[in-house]
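Have a look at upload.cif; it's mmCIF, C-alpha atoms:
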data_query
#
loop_
_atom_site.label_atom_id
_atom_site.label_comp_id
_atom_site.auth_asym_id
_atom_site.auth_seq_id
_atom_site.Cartn_x
_atom_site.Cartn_y
_atom_site.Cartn_z
CA MET P 1 125.10 100.61 109.06
CA LYS P 2 124.23 101.77 105.54
CA SER P 3 123.90 105.48 104.83
CA CYS P 4 121.12 107.26 102.96
CA LEU P 5 121.10 110.83 101.66
CA ILE P 6 117.60 112.33 101.57
CA VAL P 7 117.33 115.11 98.97
CA ASP P 8 114.11 117.14 99.08
CA ASP P 9 113.35 120.84 99.36
CA SER P 10 110.47 120.13 101.75
CA LYS P 11 111.57 119.94 105.35
CA VAL P 12 108.42 117.96 106.20
CA ILE P 13 109.10 115.28 103.56
CA ARG P 14 112.72 114.99 104.72
CA MET P 15 111.53 114.48 108.28
CA VAL P 16 108.96 111.81 107.34
CA ALA P 17 111.46 109.97 105.13
CA ARG P 18 114.13 110.22 107.83
CA ARG P 19 111.84 108.63 110.39
CA ILE P 20 110.98 105.73 108.04
CA LEU P 21 114.59 105.13 106.95
CA GLU P 22 116.01 105.38 110.47
CA GLY P 23 113.51 102.64 111.34
CA LEU P 24 115.12 100.56 108.59
CA GLN P 25 118.54 101.10 110.20
CA PHE P 26 119.94 103.73 107.83
CA GLU P 27 122.24 106.50 108.90
CA ILE P 28 120.70 109.66 107.45
CA MET P 29 122.15 112.73 105.73
CA GLU P 30 119.95 115.49 104.32
CA ALA P 31 120.17 118.00 101.48
CA ALA P 32 117.62 120.63 100.43
CA ASP P 33 118.58 120.73 96.74
CA GLY P 34 120.71 118.97 94.11
CA LYS P 35 123.69 121.27 94.54
CA ILE P 36 123.99 120.67 98.28
CA ALA P 37 123.47 116.94 97.61
CA LEU P 38 126.32 116.90 95.09
CA GLU P 39 128.65 118.66 97.56
CA THR P 40 127.67 116.09 100.22
CA CYS P 41 128.43 113.21 97.83
CA LEU P 42 131.86 114.68 97.01
CA LYS P 43 132.71 114.51 100.70
CA THR P 44 131.01 111.22 101.63
CA MET P 45 129.44 108.94 99.02
CA PRO P 46 126.24 107.46 100.55
CA ASP P 47 125.00 103.89 99.94
CA ALA P 48 121.52 105.11 99.00
CA ILE P 49 119.93 108.35 97.80
CA LEU P 50 116.24 109.19 98.07
CA LEU P 51 115.78 111.92 95.49
CA ASP P 52 113.06 114.50 94.80
CA TRP P 53 112.71 115.82 91.24
CA ASN P 54 111.55 119.43 91.47
CA MET P 55 113.85 121.52 93.64
CA PRO P 56 115.33 125.04 93.44
CA VAL P 57 119.00 125.67 92.46
CA MET P 58 119.59 122.18 91.01
CA ASN P 59 116.80 119.68 90.34
CA GLY P 60 116.91 115.93 90.91
CA ILE P 61 117.50 114.76 87.35
CA ASP P 62 120.42 117.20 86.82
CA PHE P 63 121.88 116.06 90.14
CA LEU P 64 121.59 112.40 89.10
CA ARG P 65 123.37 112.98 85.78
CA ALA P 66 126.15 114.89 87.56
CA LEU P 67 126.42 112.19 90.24
CA ARG P 68 126.74 109.35 87.74
CA GLY P 69 129.62 111.26 86.10
CA LEU P 70 131.57 111.52 89.37
CA ASP P 71 134.39 109.27 90.51
CA GLY P 72 132.59 106.56 92.53
CA GLY P 73 129.26 108.09 91.53
CA ALA P 74 128.01 104.86 89.98
CA ALA P 75 127.91 103.16 93.38
CA PRO P 76 124.97 104.71 95.26
CA ARG P 77 121.55 103.20 94.61
CA VAL P 78 119.27 106.07 93.67
CA VAL P 79 115.52 106.01 94.34
CA PHE P 80 113.52 108.89 92.89
CA CYS P 81 110.69 110.05 95.13
CA THR P 82 108.54 112.62 93.36
CA THR P 83 105.04 113.79 92.49
CA GLU P 84 105.94 113.36 88.80
CA ASN P 85 103.94 110.22 88.10
CA ASP P 86 103.85 109.85 84.33
CA LEU P 87 105.67 107.28 82.20
CA ALA P 88 107.79 109.91 80.42
CA HIS P 89 109.35 111.09 83.69
CA ILE P 90 109.86 107.52 84.92
CA GLN P 91 111.62 106.56 81.69
CA GLU P 92 113.79 109.68 81.77
CA ALA P 93 114.82 108.85 85.35
CA ILE P 94 115.73 105.26 84.48
CA SER P 95 117.82 106.29 81.50
CA ALA P 96 119.63 108.86 83.66
CA GLY P 97 120.62 106.03 86.01
CA ALA P 98 117.90 105.80 88.67
CA ASN P 99 117.54 102.33 90.24
CA GLU P 100 113.98 102.73 91.47
CA TYR P 101 111.16 105.24 91.37
CA ILE P 102 108.56 106.17 93.98
CA MET P 103 105.51 108.24 93.10
CA LYS P 104 104.35 110.47 95.95
CA PRO P 105 102.43 110.08 98.17
CA PHE P 106 104.45 107.27 99.70
CA ASP P 107 104.28 105.32 102.93
CA SER P 108 106.70 103.16 104.88
CA ASP P 109 105.57 99.98 103.08
CA ILE P 110 106.46 101.47 99.70
CA ILE P 111 109.87 102.73 100.83
CA GLU P 112 110.64 99.38 102.42
CA ALA P 113 109.50 97.41 99.35
CA LYS P 114 111.47 99.56 96.93
CA PHE P 115 114.65 99.57 99.04
CA SER P 116 114.52 95.82 99.49
CA GLN P 117 114.01 95.22 95.74
CA ILE P 118 117.28 96.89 94.90
CA GLY P 119 119.16 95.09 97.63
CA LEU P 120 119.46 97.90 100.16
CA ILE P 121 117.67 95.98 102.90
CA MET Q 1 76.42 94.44 118.34
CA LYS Q 2 74.53 91.85 120.39
CA PRO Q 3 76.62 88.91 121.62
CA GLU Q 4 74.30 86.41 119.90
CA ASP Q 5 74.68 88.29 116.58
CA PHE Q 6 78.46 88.33 116.95
CA ALA Q 7 78.43 84.57 117.61
CA TYR Q 8 76.16 84.06 114.61
CA PHE Q 9 78.44 86.07 112.25
CA CYS Q 10 81.46 84.05 113.43
CA LYS Q 11 79.68 80.74 112.91
CA LEU Q 12 78.38 81.75 109.48
CA ILE Q 13 81.77 82.89 108.14
CA LEU Q 14 83.38 79.74 109.58
CA ASP Q 15 80.84 77.55 107.75
CA ARG Q 16 81.11 79.55 104.53
CA SER Q 17 84.86 79.98 104.28
CA GLY Q 18 86.60 78.26 107.20
CA LEU Q 19 87.76 81.66 108.44
CA VAL Q 20 88.21 81.68 112.21
CA LEU Q 21 87.32 84.95 113.95
CA GLY Q 22 88.05 85.09 117.66
CA PRO Q 23 86.35 87.23 120.33
CA ASP Q 24 88.97 89.94 119.76
CA LYS Q 25 87.62 90.51 116.24
CA SER Q 26 84.38 92.27 117.14
CA TYR Q 27 85.80 95.60 115.99
CA LEU Q 28 86.77 94.08 112.63
CA ILE Q 29 83.31 92.60 112.20
CA GLU Q 30 81.58 95.88 113.03
CA SER Q 31 83.75 97.99 110.77
CA ARG Q 32 83.46 95.63 107.81
CA LEU Q 33 79.81 94.63 108.10
CA THR Q 34 78.30 98.04 108.82
CA PRO Q 35 78.85 99.16 105.19
CA VAL Q 36 77.27 95.89 103.96
CA ALA Q 37 74.17 96.53 106.10
CA ARG Q 38 73.97 100.08 104.76
CA ARG Q 39 74.33 98.94 101.14
CA HIS Q 40 71.43 96.53 101.56
CA ASN Q 41 69.26 99.16 103.27
CA LEU Q 42 69.30 97.32 106.57
CA GLY Q 43 69.09 99.41 109.73
CA GLY Q 44 72.17 97.96 111.40
CA LEU Q 45 74.01 94.82 112.35
CA ASP Q 46 71.03 93.24 114.14
CA ALA Q 47 68.90 93.70 111.01
CA LEU Q 48 71.76 92.25 108.96
CA ALA Q 49 71.89 89.19 111.25
CA THR Q 50 68.13 88.75 110.92
CA ALA Q 51 68.27 89.00 107.12
CA LEU Q 52 71.16 86.51 106.94
CA ARG Q 53 69.31 84.08 109.22
CA GLN Q 54 66.36 84.11 106.79
CA ASN Q 55 68.86 82.99 104.17
CA LYS Q 56 66.84 84.24 101.21
CA ASP Q 57 69.32 86.62 99.61
CA ALA Q 58 72.33 84.99 97.90
CA LYS Q 59 73.80 88.41 97.06
CA LEU Q 60 73.68 89.46 100.72
CA LEU Q 61 75.47 86.28 101.77
CA ARG Q 62 78.14 86.86 99.12
CA ASP Q 63 78.67 90.48 100.18
CA PHE Q 64 78.89 89.33 103.80
CA THR Q 65 81.64 86.83 102.93
CA ASP Q 66 83.51 89.26 100.67
CA ALA Q 67 83.55 91.89 103.40
CA LEU Q 68 85.09 89.65 106.04
CA MET Q 69 87.87 88.13 103.93
CA THR Q 70 91.26 89.80 104.12
CA ASN Q 71 92.38 90.64 100.63
CA GLU Q 72 95.83 92.01 101.12
CA SER Q 73 98.05 91.29 98.14
CA PHE Q 74 101.26 92.74 96.68
CA PHE Q 75 103.17 92.13 93.51
CA PHE Q 76 106.19 89.87 94.16
CA ARG Q 77 105.18 89.63 97.82
CA ASP Q 78 108.23 88.75 99.96
CA THR Q 79 110.48 88.69 96.82
CA LYS Q 80 112.28 85.46 97.78
CA PRO Q 81 109.57 82.95 96.74
CA PHE Q 82 109.62 84.47 93.26
CA ASP Q 83 113.43 84.35 93.05
CA GLN Q 84 113.18 80.69 94.06
CA PHE Q 85 110.55 80.10 91.40
CA ARG Q 86 112.78 81.61 88.73
CA GLU Q 87 116.00 79.96 89.88
CA VAL Q 88 114.96 76.59 91.35
CA VAL Q 89 111.42 75.53 90.47
CA LEU Q 90 111.27 76.70 86.86
CA PRO Q 91 114.60 75.11 85.77
CA ARG Q 92 113.47 71.80 87.32
CA LEU Q 93 110.12 71.94 85.53
CA LEU Q 94 111.88 72.67 82.24
CA THR Q 95 113.75 69.40 82.75
CA THR Q 96 110.97 67.20 84.14
CA ARG Q 97 108.33 68.46 81.70
CA ALA Q 98 110.59 68.51 78.63
CA THR Q 99 108.38 66.01 76.79
CA SER Q 100 104.92 67.42 77.47
CA LYS Q 101 106.12 71.04 77.52
CA ARG Q 102 103.08 71.83 79.67
CA VAL Q 103 103.08 73.40 83.12
CA ARG Q 104 100.04 74.28 85.24
CA ILE Q 105 100.34 76.73 88.14
CA TRP Q 106 97.65 77.50 90.72
CA SER Q 107 97.49 80.69 92.74
CA ALA Q 108 95.07 79.67 95.50
CA ALA Q 109 93.13 82.45 97.25
CA CYS Q 110 94.63 84.81 94.68
CA SER Q 111 92.76 87.91 95.89
CA THR Q 112 93.22 90.74 93.38
CA GLY Q 113 95.63 88.74 91.22
CA GLN Q 114 99.06 90.18 92.04
CA GLU Q 115 100.69 86.81 92.76
CA ALA Q 116 99.36 85.18 89.58
CA TYR Q 117 100.41 88.18 87.49
CA SER Q 118 103.86 88.32 89.12
CA LEU Q 119 104.39 84.73 87.94
CA ALA Q 120 103.12 85.63 84.47
CA MET Q 121 105.65 88.48 84.27
CA ILE Q 122 108.48 86.19 85.36
CA LEU Q 123 107.53 83.74 82.61
CA LYS Q 124 107.27 86.54 80.05
CA GLU Q 125 110.78 87.68 80.99
CA GLN Q 126 112.14 84.25 80.05
CA GLY Q 127 111.40 85.12 76.41
CA ALA Q 128 112.46 82.65 73.72
CA LYS Q 129 113.59 80.10 76.33
CA LEU Q 130 109.95 79.10 76.77
CA ALA Q 131 109.07 78.98 73.06
CA GLY Q 132 106.88 75.94 72.37
CA TRP Q 133 105.87 75.63 76.04
CA THR Q 134 102.37 76.05 77.42
CA PHE Q 135 102.13 77.63 80.85
CA GLU Q 136 98.68 77.79 82.36
CA ILE Q 137 98.21 79.99 85.42
CA VAL Q 138 94.93 79.66 87.31
CA GLY Q 139 93.97 82.11 90.05
CA THR Q 140 91.07 81.24 92.34
CA ASP Q 141 89.32 83.05 95.17
CA ILE Q 142 86.09 82.74 97.12
CA SER Q 143 85.33 86.43 96.61
CA HIS Q 144 83.56 87.46 93.45
CA GLU Q 145 84.49 91.09 94.01
CA VAL Q 146 88.27 90.58 94.13
CA LEU Q 147 88.17 88.31 91.07
CA ALA Q 148 86.47 91.00 89.03
CA LYS Q 149 89.29 93.34 89.99
CA ALA Q 150 91.92 90.70 89.23
CA GLN Q 151 90.43 90.15 85.80
CA ALA Q 152 90.40 93.84 84.97
CA GLY Q 153 94.07 94.10 85.98
CA VAL Q 154 93.67 97.73 87.00
CA TYR Q 155 95.63 98.87 90.06
CA THR Q 156 96.07 102.07 92.03
CA GLN Q 157 99.35 103.98 92.23
CA PHE Q 158 99.79 102.55 95.76
CA GLU Q 159 99.28 98.98 94.61
CA VAL Q 160 101.75 99.14 91.72
CA GLN Q 161 104.43 100.46 94.06
CA ARG Q 162 104.28 97.65 96.61
CA GLY Q 163 106.77 95.12 95.33
CA LEU Q 164 106.63 95.78 91.60
CA PRO Q 165 110.04 96.71 90.16
CA ILE Q 166 109.84 100.00 88.27
CA GLN Q 167 111.15 98.38 85.07
CA PHE Q 168 108.14 96.04 85.11
CA LEU Q 169 105.76 98.95 85.60
CA VAL Q 170 107.23 100.67 82.55
CA LYS Q 171 107.26 97.49 80.49
CA TYR Q 172 103.95 95.85 81.33
CA PHE Q 173 101.54 98.59 82.46
CA LYS Q 174 99.63 101.31 80.72
CA GLN Q 175 98.82 104.48 82.63
CA ASP Q 176 95.19 105.58 82.69
CA GLY Q 177 94.73 108.70 84.81
CA ASP Q 178 95.73 107.77 88.35
CA LYS Q 179 95.33 104.03 87.64
CA TRP Q 180 97.64 101.53 85.97
CA GLN Q 181 96.41 98.71 83.78
CA LEU Q 182 98.37 95.55 83.16
CA ALA Q 183 99.05 94.79 79.48
CA GLN Q 184 96.68 92.45 77.68
CA GLU Q 185 99.53 90.03 76.90
CA ILE Q 186 100.09 89.45 80.64
CA ARG Q 187 96.39 89.37 81.52
CA ASN Q 188 95.86 86.69 78.85
CA MET Q 189 98.32 84.41 80.63
CA VAL Q 190 96.09 84.02 83.71
CA GLN Q 191 92.57 82.60 84.09
CA PHE Q 192 90.56 83.49 87.17
CA ARG Q 193 87.85 81.30 88.69
CA GLU Q 194 85.58 81.53 91.71
CA PHE Q 195 86.48 78.69 94.05
CA ASN Q 196 86.07 77.95 97.75
CA LEU Q 197 89.09 76.23 99.30
CA LEU Q 198 86.70 74.25 101.49
CA GLY Q 199 85.29 72.55 98.38
CA GLU Q 200 86.59 69.60 96.40
CA LEU Q 201 89.22 70.36 93.77
CA THR Q 202 87.39 68.48 91.03
CA GLY Q 203 87.21 70.55 87.88
CA LEU Q 204 90.48 72.37 88.52
CA GLY Q 205 92.69 69.52 87.23
CA THR Q 206 96.23 68.63 88.27
CA PHE Q 207 98.85 71.29 89.00
CA ASP Q 208 102.64 71.26 88.88
CA VAL Q 209 103.03 74.18 91.27
CA VAL Q 210 100.57 75.45 93.87
CA PHE Q 211 100.95 78.80 95.58
CA CYS Q 212 98.89 78.84 98.78
CA ARG Q 213 100.69 81.58 100.67
CA ASN Q 214 99.35 83.45 103.69
CA VAL Q 215 96.04 81.63 103.39
CA LEU Q 216 96.25 78.85 105.97
CA ILE Q 217 96.96 81.34 108.76
CA TYR Q 218 93.27 82.24 108.72
CA PHE Q 219 92.05 78.68 109.32
CA ASP Q 220 91.90 76.37 112.33
CA GLN Q 221 94.19 73.35 112.54
CA LYS Q 222 91.65 70.84 111.25
CA THR Q 223 90.73 72.95 108.22
CA LYS Q 224 94.40 73.57 107.44
CA GLY Q 225 94.95 69.81 107.34
CA ALA Q 226 91.90 69.21 105.15
CA ILE Q 227 92.95 71.90 102.65
CA LEU Q 228 96.51 70.55 102.43
CA GLU Q 229 95.23 67.01 101.86
CA ARG Q 230 93.05 68.19 99.00
CA ILE Q 231 95.95 70.13 97.50
CA ALA Q 232 98.08 66.98 97.78
CA LYS Q 233 95.54 65.17 95.61
CA GLY Q 234 95.56 67.92 93.00
CA LEU Q 235 99.35 68.17 92.80
CA ALA Q 236 101.52 66.23 90.35
CA PRO Q 237 103.65 63.61 92.19
CA ASP Q 238 106.80 65.66 91.57
CA GLY Q 239 105.09 69.03 91.98
CA PHE Q 240 105.79 71.91 94.39
CA LEU Q 241 103.73 73.66 97.03
CA TYR Q 242 104.48 77.15 98.29
CA LEU Q 243 103.31 78.27 101.71
CA GLY Q 244 103.69 81.68 103.37
CA GLY Q 245 106.57 82.58 105.67
CA ALA Q 246 104.51 82.08 108.84
CA GLU Q 247 103.03 78.77 107.70
CA THR Q 248 104.21 75.17 107.93
CA VAL Q 249 103.07 71.61 107.31
CA LEU Q 250 104.66 70.38 110.52
CA GLY Q 251 102.01 69.06 112.88
CA VAL Q 252 99.32 69.77 110.27
CA THR Q 253 99.72 67.05 107.64
CA GLU Q 254 102.16 64.31 106.74
CA LYS Q 255 101.39 64.56 103.04
CA PHE Q 256 104.05 67.22 102.51
CA GLU Q 257 107.62 67.75 103.60
CA PRO Q 258 109.85 70.82 103.29
CA LEU Q 259 112.10 70.92 100.24
CA SER Q 260 115.52 70.89 101.80
CA GLY Q 261 117.50 74.08 101.29
CA HIS Q 262 114.48 76.03 100.01
CA ARG Q 263 112.45 77.61 102.77
CA GLY Q 264 108.76 77.95 102.03
CA ILE Q 265 108.64 75.26 99.33
CA TYR Q 266 107.19 71.81 100.03
CA ALA Q 267 107.02 68.55 98.10
CA LEU Q 268 104.84 65.49 98.52
CA THR Q 269 106.34 63.19 101.14
CA ASN Q 270 108.74 60.61 99.67
CA SER Q 271 108.38 62.13 96.20
CA GLN Q 272 111.14 62.62 93.66
CA SER Q 273 111.21 66.38 94.23
CA ALA Q 274 111.88 65.93 97.93
CA ALA Q 275 114.56 63.30 97.32
CA GLN Q 276 116.44 65.41 94.80
CA PRO Q 277 119.02 67.59 96.53
CA PRO Q 278 118.81 71.29 95.73
CA ALA Q 279 120.69 72.34 92.61
CA PHE Q 280 123.41 74.25 94.43
CA ALA Q 281 124.17 71.31 96.76
CA ARG Q 282 124.60 69.05 93.75
CA ALA Q 283 126.97 71.50 92.13
CA VAL Q 284 129.04 71.79 95.30
CA GLY Q 285 129.01 68.03 95.88
CA ALA Q 286 129.96 67.16 92.31
#
Could the structure of this file be written out as structure tokens, please?
Amino acid sequence: MKSCLIVDDSKVIRMVARRILEGLQFEIMEAADGKIALETCLKTMPDAILLDWNMPVMNGIDFLRALRGLDGGAAPRVVFCTTENDLAHIQEAISAGANEYIMKPFDSDIIEAKFSQIGLI
Amino acid sequence: MKPEDFAYFCKLILDRSGLVLGPDKSYLIESRLTPVARRHNLGGLDALATALRQNKDAKLLRDFTDALMTNESFFFRDTKPFDQFREVVLPRLLTTRATSKRVRIWSAACSTGQEAYSLAMILKEQGAKLAGWTFEIVGTDISHEVLAKAQAGVYTQFEVQRGLPIQFLVKYFKQDGDKWQLAQEIRNMVQFREFNLLGELTGLGTFDVVFCRNVLIYFDQKTKGAILERIAKGLAPDGFLYLGGAETVLGVTEKFEPLSGHRGIYALTNSQSAAQPPAFARAVGA
């Protein structure tokens, strides 16, 4: 079973994403901000990360840059999932090492399509 | 809805488009036709049936057909057929068409254009490898409304996220408010035409590859056979036909046979394409 870390400061979004990803046979971990996510990754590196952008303490893009600098941090496939829906943000995410990008609102079809494109399903 | 009106709507759409709607589809008919009745200032579905029976209003008949067709479409739908196109079909065409350097592709029942444009993007990605080649992509659909949308190449945020890799969004789309428009250079690679699959193919010419995916599922057995026989006539002898994952030629027509080793792709029976083993098998066998 592949693992997915869901990083979002909204408990509701984490719950919705968890339900969709559990349906796609992922084992789920959760983090409410980038700092907690980074600590989780240091303990157990997940196969996939669904990542919000705007969060307190440490935001998504700072987390991603820190992750990609870690030992083994190049491995997880990272899918941004954010309300930031302009080209500038998308380009910044890709150059920081994101593999895919979801613009909120999302549904199960979008998550499934994006995860399958980058070989997670 | 009166039973005789329901029967009439089913018969009319069957005659117009070949679409088979069973008795379980009365909810679908009500929910899709009620807005059409409203738009034409008709009191309800019985008034709509009466107006259609008079057969005086071509626009009403077109709106009726448009409303009942299912126009679901994603970019790179199912992924695999497009990988196969890039890795199997395209390399073979580059060999077999090396003299003419011309390839014609048909996206049949193309809906809002995502399949045709996905192919255009794949070709664009090949870059200099295709220099000097002419690729013609033709998208056809019975619905005027979806073709207008296909031509405009403007998609919602939802639509550009279903199947389109983010790198392609960045590379080939321009953001306009909450909509995304496909670049002119990609739109120019596809021509769209109104065409009913129940009609003769004359005027469309001969194709090297035909995509007719998730279309036949809506037709009865006899119509499926008739459509496939017409496609067979419009396909180059060594051309390729793509069907959807839930579709097959088995028991429908003997004109086509599956291309061995490549699920979803078919070749004309006893043709060169069918006889040629798949590229990977040759490599292993060599």
Would you mind listing, as a ChimeraX atom specification, all residues of chain P that have at least one atom within 12 Å of chain Q, where all atoms listed in the file are what counts?
/P:79-81,83-95,98-119,121
For C-alpha atoms, I'd like the residues from the last selection saved as a PDB file, in the frame of the given file.
ATOM      1  CA  VAL P  79     115.520 106.010  94.340  1.00  0.00           C
ATOM      2  CA  PHE P  80     113.520 108.890  92.890  1.00  0.00           C
ATOM      3  CA  CYS P  81     110.690 110.050  95.130  1.00  0.00           C
ATOM      4  CA  THR P  83     105.040 113.790  92.490  1.00  0.00           C
ATOM      5  CA  GLU P  84     105.940 113.360  88.800  1.00  0.00           C
ATOM      6  CA  ASN P  85     103.940 110.220  88.100  1.00  0.00           C
ATOM      7  CA  ASP P  86     103.850 109.850  84.330  1.00  0.00           C
ATOM      8  CA  LEU P  87     105.670 107.280  82.200  1.00  0.00           C
ATOM      9  CA  ALA P  88     107.790 109.910  80.420  1.00  0.00           C
ATOM     10  CA  HIS P  89     109.350 111.090  83.690  1.00  0.00           C
ATOM     11  CA  ILE P  90     109.860 107.520  84.920  1.00  0.00           C
ATOM     12  CA  GLN P  91     111.620 106.560  81.690  1.00  0.00           C
ATOM     13  CA  GLU P  92     113.790 109.680  81.770  1.00  0.00           C
ATOM     14  CA  ALA P  93     114.820 108.850  85.350  1.00  0.00           C
ATOM     15  CA  ILE P  94     115.730 105.260  84.480  1.00  0.00           C
ATOM     16  CA  SER P  95     117.820 106.290  81.500  1.00  0.00           C
ATOM     17  CA  ALA P  98     117.900 105.800  88.670  1.00  0.00           C
ATOM     18  CA  ASN P  99     117.540 102.330  90.240  1.00  0.00           C
ATOM     19  CA  GLU P 100     113.980 102.730  91.470  1.00  0.00           C
ATOM     20  CA  TYR P 101     111.160 105.240  91.370  1.00  0.00           C
ATOM     21  CA  ILE P 102     108.560 106.170  93.980  1.00  0.00           C
ATOM     22  CA  MET P 103     105.510 108.240  93.100  1.00  0.00           C
ATOM     23  CA  LYS P 104     104.350 110.470  95.950  1.00  0.00           C
ATOM     24  CA  PRO P 105     102.430 110.080  98.170  1.00  0.00           C
ATOM     25  CA  PHE P 106     104.450 107.270  99.700  1.00  0.00           C
ATOM     26  CA  ASP P 107     104.280 105.320 102.930  1.00  0.00           C
ATOM     27  CA  SER P 108     106.700 103.160 104.880  1.00  0.00           C
ATOM     28  CA  ASP P 109     105.570  99.980 103.080  1.00  0.00           C
ATOM     29  CA  ILE P 110     106.460 101.470  99.700  1.00  0.00           C
ATOM     30  CA  ILE P 111     109.870 102.730 100.830  1.00  0.00           C
ATOM     31  CA  GLU P 112     110.640  99.380 102.420  1.00  0.00           C
ATOM     32  CA  ALA P 113     109.500  97.410  99.350  1.00  0.00           C
ATOM     33  CA  LYS P 114     111.470  99.560  96.930  1.00  0.00           C
ATOM     34  CA  PHE P 115     114.650  99.570  99.040  1.00  0.00           C
ATOM     35  CA  SER P 116     114.520  95.820  99.490  1.00  0.00           C
ATOM     36  CA  GLN P 117     114.010  95.220  95.740  1.00  0.00           C
ATOM     37  CA  ILE P 118     117.280  96.890  94.900  1.00  0.00           C
ATOM     38  CA  GLY P 119     119.160  95.090  97.630  1.00  0.00           C
ATOM     39  CA  ILE P 121     117.670  95.980 102.900  1.00  0.00           C
TER      40      ILE P 121
END
Quick one: residues within 9 Å of range 56-61 of chain P, all atoms listed in the file, excluding same-chain residues fewer than 4 positions away - as a PyMOL selection string?
chain P and resi 7-9+32-36+51-52+65-66+80+92-93+96
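Each of Q:Val88, Q:Ile122, Q:Leu94, Q:Leu197 was compared to Leu19 in chain Q using only C-alpha atoms, and Q:Leu197 turns out to be the nearest.
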Could you name the residues that touch Phe82 in chain Q at 12 Å or less, counting all atoms listed in the file, but leaving out those on the same chain fewer than 4 positions away, as an mmCIF file with C-alpha atoms, in the frame of the given file?
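Result written to out14.cif:
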data_model
loop_
_atom_site.group_PDB
_atom_site.id
_atom_site.type_symbol
_atom_site.label_atom_id
_atom_site.label_comp_id
_atom_site.auth_asym_id
_atom_site.auth_seq_id
_atom_site.Cartn_x
_atom_site.Cartn_y
_atom_site.Cartn_z
ATOM 1 C CA GLN P 117 114.010 95.220 95.740
ATOM 2 C CA PHE Q 75 103.170 92.130 93.510
ATOM 3 C CA PHE Q 76 106.190 89.870 94.160
ATOM 4 C CA ARG Q 77 105.180 89.630 97.820
ATOM 5 C CA ASP Q 78 108.230 88.750 99.960
ATOM 6 C CA ARG Q 86 112.780 81.610 88.730
ATOM 7 C CA GLU Q 87 116.000 79.960 89.880
ATOM 8 C CA VAL Q 88 114.960 76.590 91.350
ATOM 9 C CA VAL Q 89 111.420 75.530 90.470
ATOM 10 C CA LEU Q 90 111.270 76.700 86.860
ATOM 11 C CA GLU Q 115 100.690 86.810 92.760
ATOM 12 C CA ALA Q 116 99.360 85.180 89.580
ATOM 13 C CA TYR Q 117 100.410 88.180 87.490
ATOM 14 C CA SER Q 118 103.860 88.320 89.120
ATOM 15 C CA LEU Q 119 104.390 84.730 87.940
ATOM 16 C CA ALA Q 120 103.120 85.630 84.470
ATOM 17 C CA MET Q 121 105.650 88.480 84.270
ATOM 18 C CA ILE Q 122 108.480 86.190 85.360
ATOM 19 C CA LEU Q 123 107.530 83.740 82.610
ATOM 20 C CA GLY Q 163 106.770 95.120 95.330
ATOM 21 C CA LEU Q 164 106.630 95.780 91.600
ATOM 22 C CA PHE Q 211 100.950 78.800 95.580
ATOM 23 C CA ARG Q 213 100.690 81.580 100.670
ATOM 24 C CA TYR Q 242 104.480 77.150 98.290
ATOM 25 C CA HIS Q 262 114.480 76.030 100.010
ATOM 26 C CA GLY Q 264 108.760 77.950 102.030
ATOM 27 C CA ILE Q 265 108.640 75.260 99.330
#
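Taking CA of Gly43 in chain Q and CA of Ile142 in chain Q as endpoints, the distance between them is 26.9 Å.
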Skip Met1 in chain Q itself and residues of its chain fewer than 6 positions away, then list as a count of residues only all residues within 12 Å of it, counting all atoms listed in the file.
17
